[in-house]
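This is query_25.csv. It holds CSV, C-alpha atoms.
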```
chain,number,residue,atom,x,y,z
C,1,MET,CA,-17.9,21.7,-30.1
C,2,ILE,CA,-15.7,19.5,-28.1
C,3,PHE,CA,-18.2,19.7,-25.2
C,4,ARG,CA,-21.0,18.5,-27.5
C,5,ALA,CA,-18.8,15.9,-29.1
C,6,PHE,CA,-18.3,14.4,-25.6
C,7,LEU,CA,-21.9,14.8,-24.4
C,8,LEU,CA,-23.6,13.2,-27.3
C,9,PRO,CA,-21.8,9.8,-27.1
C,10,ALA,CA,-22.4,9.8,-23.4
C,11,LEU,CA,-26.1,10.3,-23.8
C,12,ALA,CA,-26.2,7.8,-26.6
C,13,ALA,CA,-24.4,5.2,-24.5
C,14,LEU,CA,-26.8,5.7,-21.6
C,15,ILE,CA,-29.9,5.7,-23.8
C,16,THR,CA,-28.7,2.5,-25.5
C,17,GLY,CA,-28.2,1.0,-22.1
C,18,CYS,CA,-31.7,1.9,-21.1
C,19,GLN,CA,-33.2,0.3,-24.2
C,20,THR,CA,-31.3,-2.9,-24.0
C,21,ALA,CA,-31.5,-3.5,-20.2
C,22,SER,CA,-34.1,-5.8,-18.7
C,23,SER,CA,-34.9,-5.7,-15.0
C,24,PRO,CA,-33.4,-8.6,-13.0
C,25,ALA,CA,-36.0,-7.9,-10.4
C,26,PRO,CA,-39.5,-8.1,-11.9
C,27,ALA,CA,-42.3,-5.9,-10.5
C,28,VAL,CA,-44.7,-7.5,-8.0
C,29,ASN,CA,-47.3,-8.9,-10.3
C,30,ALA,CA,-50.2,-11.3,-10.0
C,31,ALA,CA,-48.0,-14.4,-10.4
C,32,ILE,CA,-45.6,-13.2,-7.7
C,33,ILE,CA,-48.5,-12.3,-5.4
C,34,GLN,CA,-49.9,-15.8,-5.9
C,35,ALA,CA,-46.6,-17.4,-5.2
C,36,GLY,CA,-46.1,-15.3,-2.1
C,37,ARG,CA,-49.6,-16.1,-0.8
C,38,SER,CA,-48.9,-19.8,-0.8
C,39,GLU,CA,-46.1,-19.0,1.6
C,40,GLN,CA,-48.3,-16.7,3.7
C,41,VAL,CA,-46.4,-13.6,2.5
C,42,SER,CA,-48.4,-10.3,2.2
C,43,VAL,CA,-48.3,-8.1,-0.9
C,44,ALA,CA,-46.8,-5.3,1.3
C,45,THR,CA,-44.0,-7.5,2.3
C,46,LEU,CA,-43.3,-8.5,-1.3
C,47,ARG,CA,-43.2,-4.9,-2.4
C,48,GLN,CA,-40.9,-3.9,0.5
C,49,GLY,CA,-38.7,-6.8,-0.3
C,50,ARG,CA,-38.3,-5.8,-3.9
C,51,SER,CA,-37.7,-2.2,-3.0
C,52,LEU,CA,-34.9,-3.2,-0.6
C,53,PHE,CA,-33.5,-5.6,-3.1
C,54,LEU,CA,-33.2,-2.8,-5.7
C,55,THR,CA,-31.7,-0.2,-3.4
C,56,ARG,CA,-29.5,-2.0,-0.9
C,57,CYS,CA,-27.7,-4.5,-3.1
C,58,ILE,CA,-26.5,-2.2,-5.9
C,59,SER,CA,-24.4,0.0,-3.5
C,60,CYS,CA,-21.8,-2.7,-3.6
C,61,HIS,CA,-22.3,-4.9,-6.7
C,62,ALA,CA,-24.3,-5.5,-9.8
C,63,LEU,CA,-27.9,-6.5,-9.1
C,64,PRO,CA,-28.2,-10.3,-9.6
C,65,ALA,CA,-31.2,-11.7,-11.4
C,66,VAL,CA,-33.6,-13.5,-9.0
C,67,ALA,CA,-32.9,-16.6,-11.1
C,68,ALA,CA,-29.1,-16.3,-10.7
C,69,HIS,CA,-29.1,-18.6,-7.6
C,70,THR,CA,-31.2,-21.4,-6.4
C,71,ALA,CA,-33.8,-21.2,-3.6
C,72,GLY,CA,-31.4,-23.1,-1.4
C,73,GLU,CA,-28.5,-20.7,-2.1
C,74,TRP,CA,-30.4,-17.3,-1.5
C,75,PRO,CA,-30.8,-17.5,2.3
C,76,ARG,CA,-27.0,-18.0,2.8
C,77,LEU,CA,-26.2,-15.2,0.3
C,78,ILE,CA,-28.5,-12.8,2.0
C,79,ASP,CA,-27.2,-13.7,5.4
C,80,GLU,CA,-23.7,-13.0,4.3
C,81,MET,CA,-24.5,-9.5,3.0
C,82,ALA,CA,-27.3,-8.4,5.4
C,83,GLY,CA,-24.9,-6.6,7.7
C,84,ARG,CA,-23.4,-4.5,5.1
C,85,ALA,CA,-26.8,-3.7,3.5
C,86,ARG,CA,-28.2,-2.8,6.9
C,87,LEU,CA,-31.0,-5.5,6.6
C,88,ASP,CA,-32.3,-6.4,10.0
C,89,GLY,CA,-34.5,-9.5,10.6
C,90,LYS,CA,-37.8,-8.3,9.1
C,91,LYS,CA,-36.1,-6.6,6.1
C,92,ARG,CA,-34.0,-9.6,5.4
C,93,GLU,CA,-37.1,-11.8,5.5
C,94,ALA,CA,-38.9,-9.4,3.1
C,95,VAL,CA,-36.0,-9.5,0.6
C,96,LEU,CA,-35.8,-13.3,0.7
C,97,ALA,CA,-39.6,-13.7,0.5
C,98,TYR,CA,-39.7,-11.5,-2.6
C,99,ILE,CA,-36.8,-13.3,-4.3
C,100,LEU,CA,-38.3,-16.8,-3.6
C,101,ALA,CA,-41.8,-15.7,-4.8
C,102,ALA,CA,-40.4,-14.1,-8.0
C,103,GLN,CA,-38.4,-17.3,-8.6
C,104,ALA,CA,-41.5,-19.5,-8.0
C,105,SER,CA,-43.6,-17.4,-10.3
C,106,ARG,CA,-41.3,-18.0,-13.3
I,1,MET,CA,10.2,13.8,-7.6
I,2,ARG,CA,11.8,11.2,-5.4
I,3,ARG,CA,10.3,12.8,-2.3
I,4,ALA,CA,6.9,12.9,-3.9
I,5,CYS,CA,7.1,9.2,-4.7
I,6,LEU,CA,8.1,8.4,-1.2
I,7,TYR,CA,5.2,10.4,0.2
I,8,LEU,CA,2.8,8.7,-2.2
I,9,CYS,CA,4.0,5.2,-1.3
I,10,ALA,CA,3.7,6.0,2.4
I,11,ALA,CA,0.2,7.4,1.9
I,12,LEU,CA,-0.9,4.4,0.0
I,13,VAL,CA,0.4,2.1,2.7
I,14,LEU,CA,-1.3,4.1,5.4
I,15,THR,CA,-4.6,4.3,3.7
I,16,THR,CA,-4.6,0.6,2.9
I,17,LEU,CA,-4.5,-0.2,6.6
I,18,PRO,CA,-7.7,0.0,8.5
I,19,CYS,CA,-10.0,2.2,6.4
I,20,LEU,CA,-13.0,1.4,4.2
I,21,ALA,CA,-16.1,3.1,2.5
I,22,GLY,CA,-19.1,2.8,0.1
I,23,ALA,CA,-17.8,0.7,-2.6
I,24,ARG,CA,-16.9,2.9,-5.6
I,25,ARG,CA,-16.3,1.8,-9.1
I,26,PHE,CA,-14.7,5.1,-10.1
I,27,THR,CA,-12.5,7.6,-8.4
I,28,TYR,CA,-13.2,10.7,-10.6
I,29,ILE,CA,-16.9,10.0,-11.2
I,30,TYR,CA,-19.7,9.7,-8.8
I,31,GLU,CA,-22.4,7.1,-9.0
I,32,ALA,CA,-26.2,7.6,-8.5
I,33,THR,CA,-26.5,5.1,-5.8
I,34,THR,CA,-26.3,6.0,-2.1
I,35,SER,CA,-25.2,4.2,1.1
I,36,PRO,CA,-28.0,2.3,3.0
I,37,PRO,CA,-29.5,4.1,6.0
I,38,GLY,CA,-27.4,3.7,9.1
I,39,GLY,CA,-24.4,3.0,6.9
I,40,PHE,CA,-21.2,4.6,8.2
I,41,GLU,CA,-18.0,4.5,6.2
I,42,SER,CA,-14.6,6.1,5.9
I,43,GLU,CA,-12.8,7.0,2.7
I,44,ASN,CA,-9.2,8.0,2.3
I,45,TRP,CA,-8.1,9.5,-1.0
I,46,VAL,CA,-4.6,10.0,-2.4
I,47,THR,CA,-4.2,11.8,-5.8
I,48,TRP,CA,-0.7,12.2,-7.3
I,49,LYS,CA,-0.4,14.7,-10.1
I,50,THR,CA,2.9,15.1,-12.0
I,51,ASP,CA,4.7,16.5,-15.1
I,52,LYS,CA,2.9,19.6,-16.4
I,53,PRO,CA,3.8,20.7,-19.9
I,54,ASN,CA,5.1,24.0,-18.6
I,55,ASP,CA,6.9,22.4,-15.5
I,56,HIS,CA,8.2,18.9,-15.9
I,57,ALA,CA,9.5,18.9,-12.3
I,58,PHE,CA,6.0,19.4,-10.9
I,59,ASP,CA,4.6,17.0,-8.4
I,60,GLN,CA,1.6,17.3,-6.2
I,61,VAL,CA,0.0,14.8,-3.8
I,62,ASP,CA,-3.5,15.5,-2.5
I,63,PHE,CA,-5.0,13.8,0.5
I,64,ARG,CA,-8.6,13.6,1.6
I,65,HIS,CA,-10.1,12.0,4.7
I,66,GLU,CA,-13.8,11.6,4.4
I,67,ILE,CA,-16.6,10.0,6.4
I,68,GLU,CA,-19.9,9.1,4.9
I,69,PHE,CA,-23.3,8.4,6.4
I,70,GLY,CA,-26.4,6.8,4.9
I,71,ILE,CA,-29.4,8.8,6.1
I,72,THR,CA,-32.3,7.2,4.1
I,73,ASP,CA,-32.4,4.8,1.2
I,74,HIS,CA,-32.0,7.8,-1.1
I,75,PHE,CA,-30.0,10.3,0.8
I,76,GLN,CA,-26.4,10.4,2.0
I,77,LEU,CA,-24.2,12.9,3.7
I,78,ALA,CA,-20.4,13.0,3.7
I,79,VAL,CA,-17.9,15.2,5.6
I,80,TYR,CA,-14.4,15.9,4.2
I,81,LEU,CA,-12.6,16.2,7.5
I,82,ALA,CA,-9.5,17.5,5.8
I,83,ASP,CA,-8.1,18.0,2.3
I,84,TRP,CA,-4.3,18.7,2.4
I,85,PHE,CA,-1.5,18.4,0.0
I,86,TYR,CA,2.2,18.3,-0.8
I,87,GLU,CA,3.7,20.0,-3.8
I,88,ASP,CA,7.0,20.9,-5.4
I,89,GLY,CA,8.3,22.0,-8.8
I,90,HIS,CA,9.7,25.0,-10.6
I,91,SER,CA,6.2,26.6,-10.9
I,92,VAL,CA,5.4,26.1,-7.2
I,93,GLU,CA,5.8,29.1,-4.9
I,94,ASN,CA,5.6,27.4,-1.5
I,95,GLU,CA,6.9,23.8,-1.6
I,96,GLY,CA,5.9,21.4,1.1
I,97,PHE,CA,2.7,20.4,2.9
I,98,ALA,CA,-0.3,22.5,3.5
I,99,TYR,CA,-3.9,22.2,4.7
I,100,ALA,CA,-6.4,23.0,1.9
I,101,ASP,CA,-10.0,22.9,3.1
I,102,SER,CA,-12.8,20.9,4.6
I,103,ALA,CA,-16.3,20.2,3.1
I,104,LEU,CA,-19.8,19.0,3.4
I,105,GLU,CA,-21.3,16.8,0.6
I,106,LEU,CA,-24.9,15.8,0.1
I,107,ILE,CA,-26.2,13.3,-2.5
I,108,TYR,CA,-29.9,12.6,-3.2
I,109,ASN,CA,-30.9,9.7,-5.4
I,110,LEU,CA,-33.9,10.2,-7.6
I,111,SER,CA,-34.2,6.9,-9.5
I,112,SER,CA,-32.6,3.5,-9.6
I,113,PRO,CA,-30.0,2.7,-12.2
I,114,ALA,CA,-31.0,-1.0,-12.1
I,115,ALA,CA,-34.8,-0.8,-12.0
I,116,ASP,CA,-35.6,2.5,-13.8
I,117,LEU,CA,-34.9,3.8,-17.3
I,118,LEU,CA,-32.0,5.8,-15.9
I,119,GLY,CA,-30.6,6.2,-12.4
I,120,VAL,CA,-30.3,9.9,-11.5
I,121,ALA,CA,-28.9,11.7,-8.4
I,122,ILE,CA,-28.2,15.3,-7.5
I,123,TYR,CA,-25.1,16.4,-5.6
I,124,GLY,CA,-24.2,19.4,-3.7
I,125,GLU,CA,-21.0,20.3,-2.0
I,126,ILE,CA,-19.9,23.3,0.2
I,127,LYS,CA,-16.2,23.6,0.8
I,128,ALA,CA,-14.3,26.1,2.9
I,129,GLY,CA,-10.6,26.7,3.7
I,130,TYR,CA,-8.0,29.3,4.3
I,131,ARG,CA,-8.9,32.2,1.9
I,132,THR,CA,-11.0,29.9,-0.2
I,133,PHE,CA,-14.7,29.0,-0.5
I,134,GLU,CA,-16.3,26.7,-3.1
I,135,LEU,CA,-19.8,25.6,-4.2
I,136,GLU,CA,-20.2,22.6,-6.4
I,137,SER,CA,-23.2,20.9,-7.9
I,138,LYS,CA,-23.5,17.8,-10.0
I,139,LEU,CA,-26.1,15.9,-12.0
I,140,ILE,CA,-25.3,12.2,-11.8
I,141,ALA,CA,-26.7,9.7,-14.3
I,142,GLN,CA,-26.0,6.0,-14.2
I,143,LYS,CA,-27.2,2.9,-16.0
I,144,ASP,CA,-26.6,-0.6,-14.8
I,145,ILE,CA,-26.7,-3.2,-17.6
I,146,GLY,CA,-26.0,-6.5,-15.7
I,147,PRO,CA,-22.3,-6.4,-14.7
I,148,LEU,CA,-21.6,-3.2,-16.8
I,149,VAL,CA,-22.1,0.2,-15.2
I,150,LEU,CA,-22.1,3.4,-17.2
I,151,ALA,CA,-22.0,6.7,-15.3
I,152,TYR,CA,-22.0,10.3,-16.4
I,153,ASN,CA,-21.5,13.5,-14.3
I,154,ALA,CA,-22.1,17.1,-15.3
I,155,THR,CA,-20.6,19.5,-12.8
I,156,LEU,CA,-20.7,23.2,-12.2
I,157,GLU,CA,-18.2,24.7,-9.7
I,158,ALA,CA,-17.9,28.2,-8.3
I,159,THR,CA,-14.8,29.3,-6.3
I,160,TRP,CA,-14.0,32.4,-4.3
I,161,GLU,CA,-10.3,32.9,-3.4
I,162,GLY,CA,-8.0,35.6,-2.0
I,163,GLU,CA,-7.8,37.6,1.2
I,164,ASP,CA,-11.3,39.0,0.8
I,165,LEU,CA,-12.5,36.1,-1.5
I,166,GLU,CA,-12.4,38.7,-4.3
I,167,GLU,CA,-11.2,36.2,-7.0
I,168,LYS,CA,-14.3,34.5,-8.4
I,169,ASP,CA,-13.9,31.7,-10.9
I,170,GLY,CA,-16.0,29.0,-12.4
I,171,GLU,CA,-15.5,25.6,-13.9
I,172,ILE,CA,-17.6,23.2,-15.9
I,173,GLN,CA,-16.7,19.5,-15.9
I,174,GLN,CA,-18.2,16.5,-17.4
I,175,SER,CA,-17.1,12.9,-17.0
I,176,LEU,CA,-18.0,9.6,-18.4
I,177,GLY,CA,-17.1,6.1,-17.1
I,178,ALA,CA,-17.7,2.5,-17.7
I,179,SER,CA,-17.0,-0.3,-15.2
I,180,TYR,CA,-17.4,-4.0,-15.6
I,181,GLU,CA,-17.8,-6.4,-12.7
I,182,ILE,CA,-15.4,-9.3,-13.6
I,183,THR,CA,-16.1,-11.0,-10.3
I,184,PRO,CA,-17.8,-9.6,-7.2
I,185,HIS,CA,-14.3,-8.8,-5.9
I,186,LEU,CA,-12.7,-7.4,-9.0
I,187,LEU,CA,-14.0,-4.6,-11.4
I,188,ALA,CA,-12.2,-2.8,-14.2
I,189,GLY,CA,-13.1,0.1,-16.5
I,190,VAL,CA,-12.2,3.4,-18.0
I,191,GLU,CA,-12.8,7.1,-17.0
I,192,LEU,CA,-12.9,10.1,-19.2
I,193,LEU,CA,-12.8,13.7,-18.0
I,194,HIS,CA,-13.5,17.0,-19.7
I,195,GLU,CA,-12.9,20.3,-17.8
I,196,ILE,CA,-13.5,23.9,-18.9
I,197,ALA,CA,-12.2,26.7,-16.7
I,198,ILE,CA,-14.1,30.0,-16.7
I,199,PRO,CA,-11.8,32.6,-15.1
I,200,GLU,CA,-13.7,35.4,-13.4
I,201,TRP,CA,-16.9,34.0,-15.0
I,202,ARG,CA,-16.1,35.9,-18.2
I,203,GLU,CA,-14.9,33.7,-21.0
I,204,ALA,CA,-14.5,29.9,-21.0
I,205,GLU,CA,-11.0,28.7,-21.7
I,206,ARG,CA,-10.3,25.9,-24.1
I,207,GLY,CA,-11.2,22.6,-22.4
I,208,PHE,CA,-8.8,19.9,-21.6
I,209,PHE,CA,-9.3,16.1,-21.5
I,210,PHE,CA,-8.0,13.3,-19.4
I,211,ALA,CA,-8.6,9.5,-19.9
I,212,GLY,CA,-7.4,6.3,-18.4
I,213,PRO,CA,-8.2,2.9,-16.9
I,214,ASN,CA,-9.5,2.1,-13.4
I,215,VAL,CA,-9.5,-1.0,-11.3
I,216,SER,CA,-11.5,-1.8,-8.1
I,217,VAL,CA,-11.1,-4.6,-5.6
I,218,ARG,CA,-13.4,-5.5,-2.8
I,219,GLY,CA,-13.0,-7.5,0.4
I,220,GLY,CA,-15.5,-8.1,3.2
I,221,LYS,CA,-15.9,-4.6,4.7
I,222,TRP,CA,-13.3,-2.8,2.6
I,223,TRP,CA,-12.7,-1.8,-1.0
I,224,ALA,CA,-10.0,0.0,-3.0
I,225,THR,CA,-10.3,1.7,-6.4
I,226,ALA,CA,-7.5,3.3,-8.5
I,227,THR,CA,-7.6,5.3,-11.7
I,228,ALA,CA,-4.6,6.4,-13.8
I,229,LEU,CA,-5.3,9.4,-16.1
I,230,ALA,CA,-3.2,10.9,-18.9
I,231,GLN,CA,-3.9,14.3,-20.3
I,232,LEU,CA,-5.0,14.1,-23.9
I,233,THR,CA,-4.6,17.8,-24.6
I,234,ARG,CA,-1.6,20.0,-24.0
I,235,ALA,CA,-2.9,22.4,-21.4
I,236,GLY,CA,0.3,23.9,-19.9
I,237,ASP,CA,-0.9,24.2,-16.3
I,238,GLU,CA,-2.5,20.8,-16.1
I,239,PRO,CA,-0.6,17.6,-15.1
I,240,ASN,CA,0.2,15.2,-17.9
I,241,PHE,CA,-0.4,12.3,-15.6
I,242,GLN,CA,-2.4,11.7,-12.4
I,243,LEU,CA,-3.2,8.7,-10.3
I,244,ARG,CA,-6.0,8.6,-7.7
I,245,THR,CA,-6.5,5.8,-5.2
I,246,ILE,CA,-9.5,5.7,-2.8
I,247,VAL,CA,-9.7,3.1,0.0
I,248,GLY,CA,-12.9,2.7,1.9
I,249,TYR,CA,-13.9,0.9,5.1
I,250,GLU,CA,-17.4,0.2,6.4
I,251,PHE,CA,-18.0,0.2,10.1
```

So that I can check it, write out the structure of this file as structure tokens.
Amino acid sequence: MIFRAFLLPALAALITGCQTASSPAPAVNAAIIQAGRSEQVSVATLRQGRSLFLTRCISCHALPAVAAHTAGEWPRLIDEMAGRARLDGKKREAVLAYILAAQASR
Amino acid sequence: MRRACLYLCAALVLTTLPCLAGARRFTYIYEATTSPPGGFESENWVTWKTDKPNDHAFDQVDFRHEIEFGITDHFQLAVYLADWFYEDGHSVENEGFAYADSALELIYNLSSPAADLLGVAIYGEIKAGYRTFELESKLIAQKDIGPLVLAYNATLEATWEGEDLEEKDGEIQQSLGASYEITPHLLAGVELLHEIAIPEWREAERGFFFAGPNVSVRGGKWWATATALAQLTRAGDEPNFQLRTIVGYEF
């Protein structure tokens, strides 16, 4: 009984969280692809950038929305954290390209 | 009691020096995220347990030295180099320090707590020591809602102890935590534990609960998280209070 009493609120909290959460990192859609194309960024790079953004950043902190910082601020922020997130040159560029394209598509 | 406090203070100072690891929001609850591939971190744990209902003089300080490796974006491996402890009290047979065990821990992430409906990971641990062997598995669920992280663990643990490992016991645990990122360098939350022992895998004992606050601070390559838990039930052989600190450093 106690076990169930504990489990049910836990699941309810998690499910409520699922229902109310909106992704701070939108999927690569036509608008983002278009924004990336104007900067000579391939669809594969955008998808890799989003995947890295979603997996590498949340090990240490809450995932920021792509609109949380300006296009001028993002390169410095990513440079600061690239070492800890193990983002080498190409991966760093992919993350930045995705964020800037997602911002431009809004 | 005074000795235990001294050892605890010394351990806290030592572990706060040059050690860091994969930034954890909780100390009793695992998260569904894993270290990035190539990531290499060290974690040092100190857990102080005190004041059992059937032994108010009881003190135990547990130490763990762990190194953690990110293998892929979804898989990490950790080695507990050594678990050791100090204990004293009326109910303790051999007061003093002793080595407990070493272990291998694997975590595989199945979905993202930020991008998917629910972040899920599976956890396996193999632990061996002097006259003790243990297998532990967990299902880890996590949901990130902006700066708020909710995490839930369901754990099944099997232990074999004794000269011929003839004592076989089980335990079921579940834990729930919430942590809020106040700033990128300061997080605070709560943790709730529920444990049910199953001696000799026959009949489950009445469960006991612990709850308390946690706080986590982060620097450049280091982080530290502490949780203070009070026992909500009156299980005689469980501590009324426990404090766990984990300090991590990333290389």

*So what do you get for CA of Ala151 in chain I versus CA of Gln242 in chain I, distance-wise?*
20.4 Å

*Could you give me, as a list in words, the residues within 8 Å of range 25-42 of chain C, counting only C-alpha atoms and dropping anything in the same chain fewer than 6 positions from it?*
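Neighbouring residues, sequence-local ones excluded: Arg50, Leu54, Ala65, Val66, Ala97, Tyr98, Ala101, Ala102, Ala104 and Ser105 of chain C; Ala115 of chain I.
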
Let's have the selection written as a PDB file, keeping the file's coordinate frame, with C-alpha atoms.
```pdb
ATOM      1  CA  ARG C  50     -38.300  -5.800  -3.900  1.00  0.00           C
ATOM      2  CA  LEU C  54     -33.200  -2.800  -5.700  1.00  0.00           C
ATOM      3  CA  ALA C  65     -31.200 -11.700 -11.400  1.00  0.00           C
ATOM      4  CA  VAL C  66     -33.600 -13.500  -9.000  1.00  0.00           C
ATOM      5  CA  ALA C  97     -39.600 -13.700   0.500  1.00  0.00           C
ATOM      6  CA  TYR C  98     -39.700 -11.500  -2.600  1.00  0.00           C
ATOM      7  CA  ALA C 101     -41.800 -15.700  -4.800  1.00  0.00           C
ATOM      8  CA  ALA C 102     -40.400 -14.100  -8.000  1.00  0.00           C
ATOM      9  CA  ALA C 104     -41.500 -19.500  -8.000  1.00  0.00           C
ATOM     10  CA  SER C 105     -43.600 -17.400 -10.300  1.00  0.00           C
TER      11      SER C 105
ATOM     12  CA  ALA I 115     -34.800  -0.800 -12.000  1.00  0.00           C
TER      13      ALA I 115
END
```

*What is the distance between CA of Gly124 in chain I and CA of Asp83 in chain I, in Å to one decimal?*
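The value is 17.2 Å.
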
*What is the distance, in Å and to one decimal place, between CA of His65 in chain I and CA of Glu80 in chain C?*
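Going from CA of His65 in chain I over to CA of Glu80 in chain C covers 28.5 Å.
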
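With all atoms listed in the file as the atoms that count, the minimum distance from chain I to the choices C:Arg76, C:Arg84, C:Arg106, C:Arg47 is reached by C:Arg84.
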